[in-house]
Structures are given as structure tokens and as C-alpha cells.
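Asks: Here it is: the structure, laid out below.
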Amino acid sequence: MSRRQLERGAALRGMVSSEGIVPLGADFPTDGSGPDADCHILHLDMDAFFASVEQLRHPEARGRPVIVGGTGPRGVVSSADYMARARGVHSAMPMVRATRLCPDAVVFPPDGRAYRQASEAVMDILRSVTPLVQPLSLDEAFLDVSGARRRLGGPVRIAAMIRERVRTEQRLTCSVGVAATRFTAKLGSTHCKPDGLLLVPTDQVRGFLDPLPVGALPGVGDKTEQTLVKLGLRTVGALARVEPDLLRMELGAKAGTRLSELARGVDASAVVPETPDKSIGAEETFDVDVGDPDVINRELLRLSEKVARRLRATEQVGRTVSVKLRRADFSTITRSRTLPESTDVAREINAVARELYAAAGMERVRLRLVGVRVEGVTPADQAHRQLALGEEDTGWRDVERVMDRVTARFGHGAIQSAVLAKRDENDV
């Protein structure tokens, strides 16, 4: 988040105290009948989540800027704490540039397992408040607390309680927006970061939204923003005053209608608990461009195993395997194939991935990135595998589940495919 966004967030706090907590006084009675009475949607966003988890794991890094991301010559920043952000470091920035801007930073490679564990602990806190929790990623979620009001009080009291539990139980901080709609609640959490709580009462929504730039609206990318600016529409307030027909004519019926509604604070979308994954994938950017098919195929195997582990860990299977192949000039192609049966077996996923790579005609083309993804994901207990007449069960699913148990106990690298093990020996 930029310094300008932080300053704007402080100005928009309104009812928030200097500590970032809304005062729970006469304006917020315990029966939830205060100014937040109809603001039943909360958006929780963890503060610099990956970096904060690393600071917990590495106390020696406290007091110094912390950056999480790839450490190779093509590594990019995944997360940065607020000390690093104040110096211009942000996510997706090349790590080489980030370390130039912040040479005294402590840099950690991403540890997905640690972040997932911390995320699960936070989500458990949210689900103890209400079953209506919709995670958007590891570090943010929507909650609908309308059913928890009688037990816990009004939405602001609930938000303050959640923040305190996250702080004391997980030693992490979060920011929470409270509003009547998802869209406004999410903007609220953005504008009170870091470590804040912001209520946007329904009768103040337009006053909150109108000064914001049109780029603050979801779905407004660079191209759409340029179109709106050419029309003289630079703020959300200006957009709200335009006839919807003009927006539909310039942006299309669906996008124009949606932006017109959002600009006026209208958002009918509900909190949908536990939206299932539609696909699971993994990709790798090489430190240097690679044209050796053997190296590419080993990487496809490693990624296939990673995807298969994630499928099994979430008790899901998928039917369509796709590969992503990005050339040195950043041009990218994808190829996919749908299997007769759903699978969570790395050997089966990798066989298709290798065939797709070979069929793409890029076996001597230097690649910058490769990826493997399984789509059409469904719960494993809803997919039944039927062996064809005379077909024998290869047993690879059982083998890979044993590998999962060994990895869970002894860590990654304790057991792996012979091809990958040989590569690691050659790298030593």
C-alpha cells in the first residue's frame, strides 16, 4: 500500500480512535442497536501477512525491514512489511530492485506451509464467530455476522473482539472493515490499514465513496480507468452521477451496470462460505531461460507432484490437465487435455503434462516459466473411478499417499521421485 493510500485511510477513519479501534461507548450499545445496526458484513485483511509470519518465526528480524519472495535473479516480492513498503517496496516487484531500495532488509523465501497453518488458525477464529465465512485467500475473508448479533453484540463489537483474538492468540494484526455490503466493507479494511477497524455506516456510504478515484472500484483496471478519465469521470462520485446508459454504452451492458451500482454503494452479493476450488496449479519461473527438454520435463514432474499433493491434501480430484509455457519474450501459450477419469495421481498428471509440452512444438524453445494446472476439480468422494475390463490398478495412488505421510512427518525432500533426487544430487 502506498503512503498516499495510508494517509487517505487515516482521514477516512471517522469514528476510529487513534489506536485504530472504534470506541465502544454510548454509540455502540451492547444490544447492537447502534449506528452499525445494519452493517452485518465484515472484511478481515491480515497486515503484511507473509512478512508478519516470518517475523514471528525469526525474532531476530524484528526492528528491520522484512521482505518475502524469490531470492534468485528473477525472484519477485511476495510480501513486504510496512517498514519496507515505506521505502517503495511492494508485491510483484523484482527482488533485485526491492533490495536496492531497502538494502538492510531481511529477505526470506516463501514458506507456504507456515502461511497455510497461520491462515487456518485465523480462519478457525472467524468460524467460531459465524459459519458464514468466505475466505478470499490465505490472508483475507468476508464474514456475515447477522446471526451472531444476539450472542456477541453488534458488528463493531464483534470486529473488535476478532481483532483482539487474532492479536492475543496468533500474535498477528489485522484490519477489519464493517459495512452493509461486501464491496464497502472491503474498501473499509483497505483504508484503515495497518492494524485498524473502520465502520462505514449506511447513511455515510456515499460520503465515503464519492472522493475515491474510480480505480478504487473492483473491476476497474488500467484500460477501463483510462476510458472513464477520457469521459471526465475521475472520482467515484462523478461516476455515480452519470446516467447508467452512458456507462453501458461505453463499457458494455454488464460492466456498465455493475460500475454504476457500485459507485452508488449498491452491492447485492452475499457471503458464500467455502467457495470450492475450480482448479489447482503450480508454476515456476527459471533463474535463467531454459531450452533443454530434460530440464523442462523434470520441472513438469516436480510441479505435477506439487499439484497432486495439494489435490490429495484437500481431498479433491480433477479431470483436465493444462500446461503453461512462457517464452523468453514473455509470450505465453497454454495447452490442455481432459482425462476419461478424474485423478489426484502425480504420475497420471505428469504423463499428460509431458505429452502437452511435446505436442506444443517447443522442445527446443527457451522458456522463462512453466506451469501445471488441474481443472474441473471436485470432491474426491463424489468421483468414482471405474477400472476398464482387464485393466489393473497400478497402485500409484497408494504409493503417493505413503509419500504424503513421510513428507508430513519428515519434511519436503525426505522422499521424492528418483528423477528429482538425481537432479538434486547433480546440483550439489
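Residue numbering restarts at 1 for every chain of the C-alpha cells, chains are lettered A, B, ... in their displayed order, and ligands are numbered from 1 as they appear.
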Neighbouring residues of Gly147 of chain A were defined as those with any atom within 9 Å, considering only C-alpha atoms; residues of the same chain fewer than 3 positions away were excluded. Please report them as a ChimeraX atom specification.

Replies: /A:40,130,132,144,150-151

Asks: Just the selected residues (N, CA and C atoms), exported as a PDB file, in the first residue's frame, please.

Replies:
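So again24.pdb came out as:
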ATOM      1  N   HIS A  40     -23.806  -5.696   8.698  1.00  0.00           N
ATOM      2  CA  HIS A  40     -23.540  -7.070   9.137  1.00  0.00           C
ATOM      3  C   HIS A  40     -22.403  -7.748   8.369  1.00  0.00           C
ATOM      4  N   THR A 130     -19.004 -17.151  13.348  1.00  0.00           N
ATOM      5  CA  THR A 130     -20.115 -17.401  12.428  1.00  0.00           C
ATOM      6  C   THR A 130     -19.692 -18.449  11.405  1.00  0.00           C
ATOM      7  N   LEU A 132     -20.726 -18.340   8.447  1.00  0.00           N
ATOM      8  CA  LEU A 132     -20.747 -17.628   7.164  1.00  0.00           C
ATOM      9  C   LEU A 132     -19.425 -16.892   6.959  1.00  0.00           C
ATOM     10  N   ASP A 144     -20.327 -12.776   7.416  1.00  0.00           N
ATOM     11  CA  ASP A 144     -21.667 -12.247   7.639  1.00  0.00           C
ATOM     12  C   ASP A 144     -22.010 -12.566   9.089  1.00  0.00           C
ATOM     13  N   ARG A 150     -27.081 -11.570  18.452  1.00  0.00           N
ATOM     14  CA  ARG A 150     -27.734 -11.804  19.737  1.00  0.00           C
ATOM     15  C   ARG A 150     -26.743 -12.346  20.760  1.00  0.00           C
ATOM     16  N   ARG A 151     -25.811 -13.156  20.305  1.00  0.00           N
ATOM     17  CA  ARG A 151     -24.838 -13.775  21.209  1.00  0.00           C
ATOM     18  C   ARG A 151     -23.666 -12.864  21.534  1.00  0.00           C
TER      19      ARG A 151
END

Asks: With only C-alpha atoms counted and 12 Å as the cut-off, give the residues of segment 138-215 of chain A in contact with segment 62-86 of chain A, each with its shortest interatomic distance in Å and the pair that gives it, as CSV.

Replies:
residue,atom,partner,partner_atom,distance
A:Asp139,CA,A:Ser79,CA,11.4
A:Thr173,CA,A:Asp81,CA,11.9
A:Lys193,CA,A:Tyr82,CA,10.1
A:Pro194,CA,A:Tyr82,CA,8.3
A:Asp195,CA,A:Tyr82,CA,11.1

Asks: Can you list every residue in segment 135-335 of chain A that DSSP puts in helix (DSSP H, G or I), as a ChimeraX atom specification?

Replies: /A:146-152,155-170,182-191,202-209,214-216,222-230,236-240,244-251,253-263,293-313

Asks: Please identify the strand (DSSP E or B) residues within segment 305-373 of chain A (assignment by DSSP from backbone atoms) and present them as a compact mmCIF listing (two decimals) with N, CA, C and O atoms, in the first residue's frame.

Replies:
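Resulting contents of out_29.txt:
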# COMPACT_ATOMS: atom_id res chain seq x y z
N GLN A 316 -9.52 -33.69 -3.07
CA GLN A 316 -10.16 -33.36 -4.34
C GLN A 316 -9.46 -34.08 -5.48
O GLN A 316 -8.34 -34.56 -5.34
N VAL A 317 -10.17 -34.16 -6.61
CA VAL A 317 -9.61 -34.73 -7.83
C VAL A 317 -10.02 -33.82 -8.98
O VAL A 317 -10.93 -32.99 -8.85
N GLY A 318 -9.34 -33.97 -10.12
CA GLY A 318 -9.67 -33.15 -11.28
C GLY A 318 -9.52 -33.93 -12.56
O GLY A 318 -8.80 -34.94 -12.60
N ARG A 319 -10.16 -33.43 -13.64
CA ARG A 319 -10.17 -34.18 -14.90
C ARG A 319 -9.36 -33.55 -16.01
O ARG A 319 -8.91 -34.25 -16.91
N THR A 320 -9.16 -32.24 -15.97
CA THR A 320 -8.47 -31.56 -17.07
C THR A 320 -7.09 -31.11 -16.64
O THR A 320 -6.95 -30.40 -15.64
N VAL A 321 -6.07 -31.51 -17.38
CA VAL A 321 -4.68 -31.13 -17.11
C VAL A 321 -4.26 -30.10 -18.13
O VAL A 321 -4.49 -30.28 -19.34
N SER A 322 -3.67 -29.00 -17.67
CA SER A 322 -3.17 -27.98 -18.59
C SER A 322 -1.74 -27.62 -18.24
O SER A 322 -1.32 -27.74 -17.08
N VAL A 323 -0.98 -27.18 -19.25
CA VAL A 323 0.38 -26.69 -19.03
C VAL A 323 0.46 -25.25 -19.53
O VAL A 323 -0.22 -24.87 -20.50
N LYS A 324 1.28 -24.46 -18.86
CA LYS A 324 1.58 -23.09 -19.29
C LYS A 324 3.04 -23.04 -19.68
O LYS A 324 3.91 -23.49 -18.92
N LEU A 325 3.33 -22.48 -20.84
CA LEU A 325 4.69 -22.38 -21.35
C LEU A 325 4.94 -20.93 -21.76
O LEU A 325 4.28 -20.42 -22.68
N ARG A 326 5.85 -20.27 -21.07
CA ARG A 326 6.13 -18.86 -21.35
C ARG A 326 7.53 -18.72 -21.93
O ARG A 326 8.52 -19.14 -21.33
N ARG A 327 7.61 -18.13 -23.12
CA ARG A 327 8.89 -17.96 -23.79
C ARG A 327 9.69 -16.82 -23.14
O ARG A 327 9.18 -16.08 -22.30
N THR A 332 3.08 -16.30 -24.10
CA THR A 332 2.68 -17.47 -23.33
C THR A 332 1.63 -18.27 -24.08
O THR A 332 0.72 -17.71 -24.69
N ILE A 333 1.77 -19.60 -24.05
CA ILE A 333 0.73 -20.47 -24.60
C ILE A 333 0.30 -21.45 -23.51
O ILE A 333 1.07 -21.77 -22.59
N THR A 334 -0.93 -21.92 -23.61
CA THR A 334 -1.43 -22.97 -22.72
C THR A 334 -2.03 -24.08 -23.57
O THR A 334 -2.59 -23.82 -24.63
N ARG A 335 -1.87 -25.29 -23.10
CA ARG A 335 -2.45 -26.45 -23.75
C ARG A 335 -3.11 -27.30 -22.68
O ARG A 335 -2.63 -27.39 -21.55
N SER A 336 -4.25 -27.93 -23.02
CA SER A 336 -4.96 -28.73 -22.01
C SER A 336 -5.55 -29.98 -22.63
O SER A 336 -5.75 -30.06 -23.86
N ARG A 337 -5.85 -30.95 -21.78
CA ARG A 337 -6.49 -32.19 -22.22
C ARG A 337 -7.35 -32.71 -21.07
O ARG A 337 -6.94 -32.68 -19.91
N THR A 338 -8.54 -33.19 -21.40
CA THR A 338 -9.46 -33.74 -20.40
C THR A 338 -9.32 -35.25 -20.36
O THR A 338 -9.37 -35.92 -21.41
N LEU A 339 -9.16 -35.78 -19.16
CA LEU A 339 -8.97 -37.22 -18.97
C LEU A 339 -10.31 -37.95 -18.91
O LEU A 339 -11.34 -37.35 -18.57
N PRO A 340 -10.30 -39.24 -19.19
CA PRO A 340 -11.54 -40.01 -19.07
C PRO A 340 -12.04 -40.09 -17.63
O PRO A 340 -13.24 -40.16 -17.37
N GLU A 341 -11.10 -40.09 -16.66
CA GLU A 341 -11.44 -40.20 -15.24
C GLU A 341 -10.73 -39.10 -14.46
O GLU A 341 -9.63 -38.67 -14.81
N SER A 342 -11.35 -38.64 -13.39
CA SER A 342 -10.70 -37.67 -12.50
C SER A 342 -9.53 -38.33 -11.78
O SER A 342 -9.52 -39.55 -11.56
N THR A 343 -8.54 -37.53 -11.40
CA THR A 343 -7.34 -38.09 -10.77
C THR A 343 -6.74 -37.14 -9.76
O THR A 343 -6.98 -35.93 -9.81
N LEU A 367 12.51 -21.33 -22.53
CA LEU A 367 11.35 -20.95 -21.74
C LEU A 367 11.76 -20.22 -20.48
O LEU A 367 12.77 -20.53 -19.85
N ARG A 368 10.94 -19.27 -20.12
CA ARG A 368 11.15 -18.49 -18.90
C ARG A 368 10.36 -19.09 -17.73
O ARG A 368 10.81 -19.06 -16.59
N LEU A 369 9.18 -19.65 -18.04
CA LEU A 369 8.29 -20.16 -16.99
C LEU A 369 7.54 -21.36 -17.52
O LEU A 369 7.17 -21.42 -18.70
N VAL A 370 7.30 -22.33 -16.64
CA VAL A 370 6.40 -23.44 -16.95
C VAL A 370 5.42 -23.61 -15.79
O VAL A 370 5.74 -23.28 -14.64
N GLY A 371 4.23 -24.11 -16.11
CA GLY A 371 3.23 -24.33 -15.07
C GLY A 371 2.38 -25.54 -15.39
O GLY A 371 2.23 -25.93 -16.56
N VAL A 372 1.84 -26.16 -14.35
CA VAL A 372 0.93 -27.30 -14.48
C VAL A 372 -0.32 -26.98 -13.66
O VAL A 372 -0.22 -26.50 -12.53
N ARG A 373 -1.48 -27.25 -14.23
CA ARG A 373 -2.74 -26.97 -13.52
C ARG A 373 -3.72 -28.10 -13.79
O ARG A 373 -3.77 -28.66 -14.90

Asks: Quick one: pull the distance between atom CA of Val288 of chain A and atom CA of Glu355 of chain A, Å, one decimal.

Replies: 23.7 Å

Asks: Between A:Arg182, A:Arg113, A:Arg310, A:Lys223, single out the one closest to Gly265 of chain A, counting only C-alpha atoms.

Replies: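 Nearest candidate to Gly265 of chain A out of A:Arg182, A:Arg113, A:Arg310, A:Lys223: A:Arg182.
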
Asks: Ranking A:Met249, A:Gly221, A:Pro213, A:Ser279 by minimum distance to Gly237 of chain A and counting only C-alpha atoms, which one comes first?

Replies: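 Counting only C-alpha atoms, the residue closest to Gly237 of chain A is A:Pro213.
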
Asks: Tell me, as an NGL selection string, which residues lie within 12 Å of Met123 of chain A, counting only C-alpha atoms; anything in the same chain fewer than 6 positions away does not count.

Replies: :A and (44-46 or 116-117 or 129-143 or 162 or 165-166 or 170 or 273-274)

Asks: Those residues with N, CA, C and O atoms, as a compact mmCIF listing (two decimals), in the first residue's frame please?

Replies:
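Saved result, selection16.txt, follows:
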# COMPACT_ATOMS: atom_id res chain seq x y z
N LEU A 44 -12.07 -8.93 6.74
CA LEU A 44 -10.83 -9.00 7.51
C LEU A 44 -9.66 -9.18 6.56
O LEU A 44 -9.70 -10.04 5.67
N ASP A 45 -8.63 -8.38 6.75
CA ASP A 45 -7.43 -8.44 5.91
C ASP A 45 -6.22 -8.43 6.84
O ASP A 45 -6.01 -7.49 7.60
N MET A 46 -5.43 -9.50 6.80
CA MET A 46 -4.24 -9.57 7.64
C MET A 46 -3.21 -8.54 7.16
O MET A 46 -3.12 -8.25 5.97
N ARG A 116 -0.01 -21.30 5.45
CA ARG A 116 -1.30 -22.01 5.50
C ARG A 116 -1.68 -22.33 6.93
O ARG A 116 -2.86 -22.21 7.31
N GLN A 117 -0.72 -22.76 7.74
CA GLN A 117 -1.02 -23.07 9.13
C GLN A 117 -1.50 -21.84 9.88
O GLN A 117 -2.48 -21.90 10.64
N VAL A 129 -17.02 -17.54 15.33
CA VAL A 129 -17.97 -16.42 15.44
C VAL A 129 -19.21 -16.69 14.59
O VAL A 129 -20.34 -16.48 15.03
N THR A 130 -19.00 -17.15 13.35
CA THR A 130 -20.11 -17.40 12.43
C THR A 130 -19.69 -18.45 11.41
O THR A 130 -18.53 -18.49 11.00
N PRO A 131 -20.63 -19.30 10.98
CA PRO A 131 -20.29 -20.25 9.91
C PRO A 131 -20.23 -19.57 8.54
O PRO A 131 -19.74 -20.16 7.58
N LEU A 132 -20.73 -18.34 8.45
CA LEU A 132 -20.75 -17.63 7.16
C LEU A 132 -19.43 -16.89 6.96
O LEU A 132 -19.32 -15.67 7.10
N VAL A 133 -18.39 -17.66 6.64
CA VAL A 133 -17.05 -17.14 6.40
C VAL A 133 -16.65 -17.52 4.98
O VAL A 133 -16.73 -18.68 4.59
N GLN A 134 -16.25 -16.53 4.20
CA GLN A 134 -15.80 -16.78 2.82
C GLN A 134 -14.36 -16.34 2.66
O GLN A 134 -14.09 -15.15 2.44
N PRO A 135 -13.41 -17.28 2.78
CA PRO A 135 -12.01 -16.91 2.55
C PRO A 135 -11.79 -16.51 1.10
O PRO A 135 -12.28 -17.17 0.18
N LEU A 136 -11.06 -15.43 0.89
CA LEU A 136 -10.70 -15.00 -0.46
C LEU A 136 -9.29 -15.43 -0.81
O LEU A 136 -8.94 -15.59 -1.98
N SER A 137 -8.46 -15.59 0.20
CA SER A 137 -7.07 -16.01 0.05
C SER A 137 -6.61 -16.41 1.44
O SER A 137 -7.40 -16.47 2.39
N LEU A 138 -5.31 -16.68 1.59
CA LEU A 138 -4.79 -17.05 2.90
C LEU A 138 -4.96 -15.93 3.92
O LEU A 138 -5.07 -16.19 5.12
N ASP A 139 -4.98 -14.68 3.46
CA ASP A 139 -4.91 -13.57 4.41
C ASP A 139 -6.12 -12.65 4.42
O ASP A 139 -6.07 -11.57 5.01
N GLU A 140 -7.22 -13.04 3.78
CA GLU A 140 -8.40 -12.19 3.86
C GLU A 140 -9.67 -13.01 3.72
O GLU A 140 -9.67 -14.08 3.12
N ALA A 141 -10.76 -12.49 4.31
CA ALA A 141 -12.03 -13.21 4.28
C ALA A 141 -13.18 -12.25 4.55
O ALA A 141 -13.02 -11.23 5.22
N PHE A 142 -14.35 -12.60 4.02
CA PHE A 142 -15.59 -11.92 4.35
C PHE A 142 -16.32 -12.72 5.42
O PHE A 142 -16.24 -13.96 5.46
N LEU A 143 -17.06 -12.02 6.29
CA LEU A 143 -17.92 -12.65 7.27
C LEU A 143 -19.29 -11.98 7.23
O LEU A 143 -19.37 -10.77 7.06
N ILE A 162 -12.78 -9.92 17.35
CA ILE A 162 -11.98 -10.74 16.44
C ILE A 162 -10.55 -10.22 16.37
O ILE A 162 -9.58 -10.99 16.44
N ARG A 165 -8.64 -11.20 19.46
CA ARG A 165 -8.30 -12.63 19.50
C ARG A 165 -7.15 -12.95 18.54
O ARG A 165 -6.25 -13.74 18.87
N VAL A 166 -7.19 -12.36 17.35
CA VAL A 166 -6.08 -12.59 16.41
C VAL A 166 -4.78 -12.09 17.00
O VAL A 166 -3.72 -12.73 16.89
N GLN A 170 -2.76 -15.36 18.08
CA GLN A 170 -1.85 -15.64 16.98
C GLN A 170 -0.68 -14.66 16.90
O GLN A 170 0.22 -14.84 16.08
N PRO A 273 -19.96 -19.13 1.97
CA PRO A 273 -18.93 -19.88 2.71
C PRO A 273 -18.21 -20.90 1.83
O PRO A 273 -18.83 -21.58 1.01
N GLU A 274 -16.89 -20.95 2.03
CA GLU A 274 -16.07 -22.02 1.47
C GLU A 274 -16.34 -22.28 0.00
O GLU A 274 -16.73 -23.36 -0.41

Asks: How many Å lie between atom CA of Gln55 of chain A and atom CA of His90 of chain A, rounded to one decimal?

Replies: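 One can read the atom CA of Gln55 of chain A to atom CA of His90 of chain A distance as 17.4 Å.
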